[in-house]
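A short worksheet on the structure shown next.
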Amino acid sequence: MKKPINNPIEGIRRLQKEYVAFRRDLHAHPEIGFELTRTKQKVIEKLIALNIEFHDHIGGGLVAVIHGDNPESRGIGLRADMDALPMQEENNFDHASTIRGRMHGCGHDGHTAMLLACGHYLQETRRFSGTAYLIFQPAEEGGGGAKAMIRDGLFERFSIDRVFALHNWPSLSLGKVAIQTGAVMAACDRIFIDIEGRGGHAAHPHLTIDPVVVAGHIITATQSIVARNQDPFDSAVISICGVEAGNMNAMNVIPRTARMIGTVRTFKPQVQEMIQKRLHEVVTSIAAAFGATATLRYITIDPATINDAAQATFAKKVAARLFGDDNIISDLKPSMGAEDFTYMLQRKPGAYLRIGQLGATSRETFLHNSEYDFNDEVIPYGAGLLAGLVEDIDHE
């Protein structure tokens with residue numbers, strides 16, 4: 001085996017201009033869910049130009065394959081998510097979204113560019129043993145893309161022994177990497193609450209059962225579930241994120257129905273189960289107290305993302321070599337955000353890493369914000385770290 005000589009970050013810097021242009025093109029043409037026709041085509045065009053083997057139509061995603069020395073000895077999977085968000089961008093730079101109501105507000109355009117840059121470097125240098133599998137995943141944003149790729153034989157068709165993913169983190173400075181063992185991201189559940197009252201004239205509220213009032217009391221009461229029903233050391237979040245009731249042009253009409261949507265985030269299954277039970281009790285009992293009826297639909301989406309201890313330790317060693325010990329953060333708090341990469345970690349040992357993107361000239365705008373943009377200065381850092389995981393596999 002040819003041992004790595006150079007820091008891959010430095011080796012990838014010469015590619016930065018090319019992949020900045022690629023990333024900005026994706027940002028300007030965001031696609032969501034599994035509908036990634038243009039995005040996938042752009043990735044495929046790059047892979048063909050680089051003469052990298054790839055396999056399409058795997059759960060809506062694709063996998064590129066790069067062989068090093070002794071390719072059958074081991075396989076390492078590197079995942080990047082490709083999908084954007086159904087939200088309106090409020091930036092006015094040249095590469096802002098050209099599609100109304102769609103935006104790369106989480107940096108998946110950057111993740112895709114980093115994985116391609118990593119593949120470009122590995123294809124040229126081949127200073128590793130085993131095989132690198134570049135996993136380009138669709139529908140990470142609640143669409144079940146990881147599960148779809150797994151169902152379509154991701155781990156049966158490719159000899160992947162371990163798997164890693166990397167996400168930009170706007171609150172961390174550029175050049176920092178957060179890697180921890182155990183929980184990294186929370187379990188994600190969705191809640192839908194439907195309230196049935198009795199509509200009528202707003203001047204005669206005693207003849208109605210006002211679902212808006214019921215909704216207000218339910219919103220307030222749900223916050224007491226976390227505050228008063230669980231151990232303060234067990235983190236959880238219940239957020240009601242949308243309320244729909246009435247007609248904004250009818251100021252004197254009390255509506256008959258109201259609807260709410262929201263999310264629950266937890267780390268422990270027992271906390272998740274308790275919140276689901278208490279939400280049912282709170283929703284139905286409060287509605288009944290006002291003479292209304294209410295139903296809760298509770299849908300579990302993604303379990304918590306848990307890093308494998310051995311693979312997290314390996315990733316720390318790689319990151320420390322590339323970034324320096326002082327730039328490795330082992331105690332960053334787990335995020336209440338969710339990640340369907342967890343399903344890959346349930347099948348193979350691996351780790352989910354967070355890389356800083358806050359630079360001297362970039363704003364600290366967090367993920368899923370309408371003014372967010374991926375910091376292109378991260379590309380050689382992230383691509384270099386991914387490449388380092390492949391190159392250093394014989395030195396763990």
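In the structure tokens, each chain is lettered A, B, ... as it comes, each chain's residues begin at 1, and ligands are numbered from 1 in order of appearance.
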* To do: Might you pull out every residue within 7 Å of region 16-26 of chain A, with only C-alpha atoms counted and same-chain residues fewer than 3 positions away left off, and present them as a PyMOL selection string?
  => chain A and resi 12-13+29-30+39+95+109-110+113+117+376+379-380
Considering only C-alpha atoms, give me a table of residues in region 265-382 of chain A that are at most 12 Å from region 185-203 of chain A, with the closest atom pair and distance in Å for each, as CSV.
residue,atom,partner,partner_atom,distance
A:Arg265,CA,A:Cys188,CA,5.0
A:Thr266,CA,A:Ala187,CA,5.2
A:Phe267,CA,A:Ala186,CA,5.1
A:Lys268,CA,A:Ala187,CA,8.2
A:Pro269,CA,A:Ala187,CA,8.7
A:Gln270,CA,A:Ala187,CA,11.8
A:Val271,CA,A:Ala187,CA,10.5
A:Gln272,CA,A:Ala187,CA,8.3
A:Glu273,CA,A:Asp189,CA,10.9
A:Ile275,CA,A:Asp189,CA,10.5
A:Gln276,CA,A:Ile191,CA,9.2
A:Leu279,CA,A:Ile191,CA,9.3
A:His280,CA,A:Ile193,CA,9.6
A:Val282,CA,A:Ile193,CA,11.2
A:Val283,CA,A:Ile193,CA,7.8
A:Thr284,CA,A:Ile195,CA,9.2
A:Ser285,CA,A:Ile195,CA,11.8
A:Ile286,CA,A:Ile195,CA,10.5
A:Ala287,CA,A:Ile195,CA,7.4
A:Ala288,CA,A:Gly197,CA,10.1
A:Ala289,CA,A:Gly197,CA,11.7
A:Phe290,CA,A:Gly197,CA,8.8
A:Gly291,CA,A:Gly197,CA,7.5
A:Ala292,CA,A:Gly197,CA,4.8
A:Thr293,CA,A:Glu196,CA,5.2
A:Ala294,CA,A:Ile195,CA,4.3
A:Thr295,CA,A:Asp194,CA,5.4
A:Leu296,CA,A:Ile193,CA,4.6
A:Arg297,CA,A:Phe192,CA,5.0
A:Tyr298,CA,A:Ile191,CA,4.7
A:Ile299,CA,A:Arg190,CA,5.1
A:Thr300,CA,A:Asp189,CA,4.3
A:Ile301,CA,A:Asp189,CA,5.1
A:Asp302,CA,A:Cys188,CA,5.1
A:Pro303,CA,A:Ala187,CA,4.2
A:Ala304,CA,A:Ala187,CA,4.0
A:Thr305,CA,A:Met185,CA,4.9
A:Ile306,CA,A:Met185,CA,7.4
A:Asn307,CA,A:Met185,CA,9.5
A:Leu332,CA,A:Met185,CA,11.2
A:Lys333,CA,A:Met185,CA,9.3
A:Pro334,CA,A:Met185,CA,5.6
A:Ser335,CA,A:Met185,CA,4.9
A:Met336,CA,A:Ala186,CA,4.9
A:Gly337,CA,A:Met185,CA,5.7
A:Ala338,CA,A:Ala186,CA,5.2
A:Glu339,CA,A:Met185,CA,6.5
A:Asp340,CA,A:Ala187,CA,9.3
A:Phe341,CA,A:Met185,CA,9.8
A:Thr342,CA,A:Met185,CA,8.6
A:Tyr343,CA,A:Ala187,CA,11.4
A:Ala351,CA,A:Met185,CA,11.3
A:Tyr352,CA,A:Met185,CA,8.9
A:Leu353,CA,A:Met185,CA,10.6
A:Arg354,CA,A:Met185,CA,10.7
* To do: For Leu116 (chain A), work out the shell of residues within 12 Å, counting only C-alpha atoms and skipping chain neighbours fewer than 2 positions away, then give it as a count of residues only.
  => 51
* Pull the alpha helix (DSSP H) assignments for region 54-182 of chain A out of DSSP run on the backbone, and list those residues as a PyMOL selection string. => chain A and resi 108-125+145-151+154-157
Same residues, C-alpha atoms, saved as a PDB file, in the first residue's frame:
ATOM      1  CA  HIS A 108     -26.566  19.627   1.063  1.00  0.00           C
ATOM      2  CA  ASP A 109     -25.264  21.329  -2.072  1.00  0.00           C
ATOM      3  CA  GLY A 110     -21.967  21.739  -0.210  1.00  0.00           C
ATOM      4  CA  HIS A 111     -22.015  18.158   1.055  1.00  0.00           C
ATOM      5  CA  THR A 112     -22.467  16.868  -2.499  1.00  0.00           C
ATOM      6  CA  ALA A 113     -19.637  19.067  -3.781  1.00  0.00           C
ATOM      7  CA  MET A 114     -17.329  17.928  -0.955  1.00  0.00           C
ATOM      8  CA  LEU A 115     -17.964  14.242  -1.633  1.00  0.00           C
ATOM      9  CA  LEU A 116     -17.301  14.750  -5.340  1.00  0.00           C
ATOM     10  CA  ALA A 117     -14.080  16.668  -4.579  1.00  0.00           C
ATOM     11  CA  CYS A 118     -13.060  13.832  -2.258  1.00  0.00           C
ATOM     12  CA  GLY A 119     -13.724  11.336  -5.045  1.00  0.00           C
ATOM     13  CA  HIS A 120     -11.742  13.457  -7.506  1.00  0.00           C
ATOM     14  CA  TYR A 121      -8.747  13.424  -5.163  1.00  0.00           C
ATOM     15  CA  LEU A 122      -8.969   9.702  -4.336  1.00  0.00           C
ATOM     16  CA  GLN A 123      -9.335   8.761  -8.003  1.00  0.00           C
ATOM     17  CA  GLU A 124      -6.181  10.693  -8.881  1.00  0.00           C
ATOM     18  CA  THR A 125      -3.978   9.680  -5.941  1.00  0.00           C
ATOM     19  CA  GLY A 145     -33.908   8.489   1.394  1.00  0.00           C
ATOM     20  CA  ALA A 146     -31.520   6.447   3.541  1.00  0.00           C
ATOM     21  CA  LYS A 147     -34.141   3.763   4.126  1.00  0.00           C
ATOM     22  CA  ALA A 148     -34.924   3.660   0.395  1.00  0.00           C
ATOM     23  CA  MET A 149     -31.273   3.073  -0.499  1.00  0.00           C
ATOM     24  CA  ILE A 150     -30.952   0.387   2.158  1.00  0.00           C
ATOM     25  CA  ARG A 151     -34.140  -1.334   0.969  1.00  0.00           C
ATOM     26  CA  LEU A 154     -27.094  -0.662  -0.570  1.00  0.00           C
ATOM     27  CA  PHE A 155     -25.276  -2.932   1.870  1.00  0.00           C
ATOM     28  CA  GLU A 156     -25.874  -6.144  -0.082  1.00  0.00           C
ATOM     29  CA  ARG A 157     -24.703  -4.802  -3.443  1.00  0.00           C
TER      30      ARG A 157
END
* To do: Identify which of the residues A:Ala309, A:Ile32, A:Ala132, A:Ile218 lies closest to Asp69 (chain A), counting only C-alpha atoms when measuring atom-to-atom distances.
  => A:Ala132
* Mind listing the strand (DSSP E) residues of region 94-304 of chain A, per DSSP on the backbone, as a ChimeraX atom specification? => /A:131-137,162-173,177-178,182-185,187-196,200-201,236-245,253-254,257-266,293-302
* For Asn7 (chain A), which residue among A:Gly324, A:Pro71, A:Gly359, A:Gly350 is the nearest when counting only C-alpha atoms? -> A:Gly324
Would you kindly return, as a tab-separated table (two decimals) with C-alpha atoms, in the first residue's frame, each protein, DNA or RNA residue with an atom no farther than 12 Å from any atom of Ala227 (chain A), considering only C-alpha atoms and excluding same-chain residues fewer than 6 positions away?
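Ended up saving to around_16.tsv:
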chain	number	residue	atom	x	y	z
A	220	THR	CA	-49.63	26.02	26.29
A	221	ALA	CA	-50.25	22.67	27.97
A	233	PHE	CA	-31.36	15.60	32.58
A	234	ASP	CA	-33.19	13.93	29.67
A	235	SER	CA	-33.48	16.39	26.81
A	236	ALA	CA	-36.66	16.67	24.76
A	237	VAL	CA	-38.44	19.23	22.61
A	238	ILE	CA	-42.09	19.59	21.67
A	275	ILE	CA	-44.28	12.14	25.44
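Note that CA of Arg256 (chain A) and CA of Pro205 (chain A) are 12.0 Å apart.
Among the candidates A:Pro255, A:Gly356, A:Pro232, A:Gly388, the one nearest to Leu174 (chain A) when counting only C-alpha atoms is A:Gly356.
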* Asked: Contacts of Ile328 (chain A) at 12 Å or less, counting only C-alpha atoms, minus same-chain residues fewer than 2 places along, as a PyMOL selection string?
  -> chain A and resi 172-180+312-313+315-326+330-332+353-356
Export, as a PDB file, in the first residue's frame, the selected residues with N, CA and C atoms.
ATOM      1  N   LEU A 172     -19.905  26.488  14.492  1.00  0.00           N
ATOM      2  CA  LEU A 172     -18.506  26.125  14.704  1.00  0.00           C
ATOM      3  C   LEU A 172     -17.627  26.896  13.726  1.00  0.00           C
ATOM      4  N   SER A 173     -16.469  27.320  14.193  1.00  0.00           N
ATOM      5  CA  SER A 173     -15.552  28.064  13.330  1.00  0.00           C
ATOM      6  C   SER A 173     -14.940  27.168  12.267  1.00  0.00           C
ATOM      7  N   LEU A 174     -14.634  27.755  11.144  1.00  0.00           N
ATOM      8  CA  LEU A 174     -13.957  27.061  10.056  1.00  0.00           C
ATOM      9  C   LEU A 174     -12.652  26.456  10.570  1.00  0.00           C
ATOM     10  N   GLY A 175     -12.423  25.188  10.239  1.00  0.00           N
ATOM     11  CA  GLY A 175     -11.224  24.507  10.709  1.00  0.00           C
ATOM     12  C   GLY A 175     -11.439  23.683  11.965  1.00  0.00           C
ATOM     13  N   LYS A 176     -12.657  23.721  12.522  1.00  0.00           N
ATOM     14  CA  LYS A 176     -13.004  22.915  13.697  1.00  0.00           C
ATOM     15  C   LYS A 176     -13.834  21.718  13.258  1.00  0.00           C
ATOM     16  N   VAL A 177     -13.679  20.621  13.975  1.00  0.00           N
ATOM     17  CA  VAL A 177     -14.465  19.418  13.708  1.00  0.00           C
ATOM     18  C   VAL A 177     -14.989  18.873  15.035  1.00  0.00           C
ATOM     19  N   ALA A 178     -16.274  18.561  15.074  1.00  0.00           N
ATOM     20  CA  ALA A 178     -16.881  17.979  16.276  1.00  0.00           C
ATOM     21  C   ALA A 178     -17.166  16.505  16.034  1.00  0.00           C
ATOM     22  N   ILE A 179     -16.611  15.676  16.893  1.00  0.00           N
ATOM     23  CA  ILE A 179     -16.794  14.229  16.793  1.00  0.00           C
ATOM     24  C   ILE A 179     -16.993  13.699  18.205  1.00  0.00           C
ATOM     25  N   GLN A 180     -18.096  13.014  18.434  1.00  0.00           N
ATOM     26  CA  GLN A 180     -18.315  12.450  19.754  1.00  0.00           C
ATOM     27  C   GLN A 180     -18.868  11.037  19.650  1.00  0.00           C
ATOM     28  N   ALA A 312     -15.929   6.472  15.938  1.00  0.00           N
ATOM     29  CA  ALA A 312     -15.770   7.867  16.336  1.00  0.00           C
ATOM     30  C   ALA A 312     -14.344   8.137  16.792  1.00  0.00           C
ATOM     31  N   THR A 313     -13.761   7.194  17.508  1.00  0.00           N
ATOM     32  CA  THR A 313     -12.374   7.330  17.952  1.00  0.00           C
ATOM     33  C   THR A 313     -11.426   7.359  16.764  1.00  0.00           C
ATOM     34  N   ALA A 315     -12.200   8.330  13.699  1.00  0.00           N
ATOM     35  CA  ALA A 315     -12.405   9.601  12.999  1.00  0.00           C
ATOM     36  C   ALA A 315     -11.706  10.751  13.723  1.00  0.00           C
ATOM     37  N   LYS A 316     -11.686  10.711  15.049  1.00  0.00           N
ATOM     38  CA  LYS A 316     -10.980  11.747  15.819  1.00  0.00           C
ATOM     39  C   LYS A 316      -9.486  11.734  15.509  1.00  0.00           C
ATOM     40  N   LYS A 317      -8.907  10.545  15.412  1.00  0.00           N
ATOM     41  CA  LYS A 317      -7.479  10.440  15.106  1.00  0.00           C
ATOM     42  C   LYS A 317      -7.173  11.009  13.732  1.00  0.00           C
ATOM     43  N   VAL A 318      -8.033  10.714  12.773  1.00  0.00           N
ATOM     44  CA  VAL A 318      -7.840  11.239  11.423  1.00  0.00           C
ATOM     45  C   VAL A 318      -7.954  12.757  11.434  1.00  0.00           C
ATOM     46  N   ALA A 319      -9.007  13.260  12.077  1.00  0.00           N
ATOM     47  CA  ALA A 319      -9.230  14.708  12.124  1.00  0.00           C
ATOM     48  C   ALA A 319      -8.102  15.423  12.855  1.00  0.00           C
ATOM     49  N   ALA A 320      -7.601  14.807  13.922  1.00  0.00           N
ATOM     50  CA  ALA A 320      -6.510  15.427  14.680  1.00  0.00           C
ATOM     51  C   ALA A 320      -5.256  15.528  13.818  1.00  0.00           C
ATOM     52  N   ARG A 321      -4.988  14.513  12.985  1.00  0.00           N
ATOM     53  CA  ARG A 321      -3.835  14.573  12.091  1.00  0.00           C
ATOM     54  C   ARG A 321      -3.973  15.703  11.074  1.00  0.00           C
ATOM     55  N   LEU A 322      -5.182  15.892  10.590  1.00  0.00           N
ATOM     56  CA  LEU A 322      -5.401  16.868   9.528  1.00  0.00           C
ATOM     57  C   LEU A 322      -5.609  18.287  10.044  1.00  0.00           C
ATOM     58  N   PHE A 323      -6.285  18.422  11.191  1.00  0.00           N
ATOM     59  CA  PHE A 323      -6.677  19.739  11.683  1.00  0.00           C
ATOM     60  C   PHE A 323      -5.889  20.179  12.921  1.00  0.00           C
ATOM     61  N   GLY A 324      -5.264  19.224  13.613  1.00  0.00           N
ATOM     62  CA  GLY A 324      -4.589  19.529  14.869  1.00  0.00           C
ATOM     63  C   GLY A 324      -5.472  19.220  16.055  1.00  0.00           C
ATOM     64  N   ASP A 325      -4.884  18.736  17.127  1.00  0.00           N
ATOM     65  CA  ASP A 325      -5.655  18.329  18.313  1.00  0.00           C
ATOM     66  C   ASP A 325      -6.535  19.445  18.855  1.00  0.00           C
ATOM     67  N   ASP A 326      -6.047  20.675  18.815  1.00  0.00           N
ATOM     68  CA  ASP A 326      -6.792  21.790  19.396  1.00  0.00           C
ATOM     69  C   ASP A 326      -8.069  22.118  18.632  1.00  0.00           C
ATOM     70  N   SER A 330     -14.757  17.293  21.244  1.00  0.00           N
ATOM     71  CA  SER A 330     -15.340  15.998  21.624  1.00  0.00           C
ATOM     72  C   SER A 330     -16.587  16.142  22.484  1.00  0.00           C
ATOM     73  N   ASP A 331     -16.890  17.366  22.923  1.00  0.00           N
ATOM     74  CA  ASP A 331     -17.998  17.536  23.858  1.00  0.00           C
ATOM     75  C   ASP A 331     -19.085  18.478  23.340  1.00  0.00           C
ATOM     76  N   LEU A 332     -19.178  18.644  22.022  1.00  0.00           N
ATOM     77  CA  LEU A 332     -20.267  19.445  21.487  1.00  0.00           C
ATOM     78  C   LEU A 332     -21.595  18.766  21.821  1.00  0.00           C
ATOM     79  N   LEU A 353     -20.151  13.194  11.626  1.00  0.00           N
ATOM     80  CA  LEU A 353     -19.225  14.250  12.015  1.00  0.00           C
ATOM     81  C   LEU A 353     -19.815  15.609  11.668  1.00  0.00           C
ATOM     82  N   ARG A 354     -19.462  16.627  12.467  1.00  0.00           N
ATOM     83  CA  ARG A 354     -19.898  17.994  12.183  1.00  0.00           C
ATOM     84  C   ARG A 354     -18.671  18.882  12.000  1.00  0.00           C
ATOM     85  N   ILE A 355     -18.662  19.627  10.908  1.00  0.00           N
ATOM     86  CA  ILE A 355     -17.506  20.447  10.552  1.00  0.00           C
ATOM     87  C   ILE A 355     -17.887  21.920  10.551  1.00  0.00           C
ATOM     88  N   GLY A 356     -17.020  22.753  11.139  1.00  0.00           N
ATOM     89  CA  GLY A 356     -17.304  24.175  11.261  1.00  0.00           C
ATOM     90  C   GLY A 356     -17.309  24.891   9.923  1.00  0.00           C
TER      91      GLY A 356
END
